[in-house]
Amino acid sequence: MATVNKIEEALTSAQALTTQLKTFSMDTNDQQAKQSFKQLAQTTENIAQTLESRLNFVKSEEPQYRE
């Protein structure tokens, strides 16, 4: 599997996890759990942004991904 595909897969997973954590946060009445889920969602959102930046860089550097 090419590096770009691996990064895209990781990005999709991070985005899905972020969504799930935000949902968990909304679904609980436990304030401590709610805060934990929000913090985790923010962390995974940051990871997704980092992966997206890396993906864009790789695509700009690799000739086969240039338009």
# chains A, B, ... in the order shown; residues from 1 in each chain; ligands from 1
>>> residues_around(residues="segment 27-42 of chain A", least_positions_apart="5", cutoff="12 Å", atoms="only C-alpha atoms", output="number ranges by chain")
A: 14-22, 47-49
>>> residues_around(residues="Val58 of chain A", least_positions_apart="4", cutoff="9 Å", atoms="only C-alpha atoms", output="PyMOL selection string")
chain A and resi 3-4+53-54+62+65
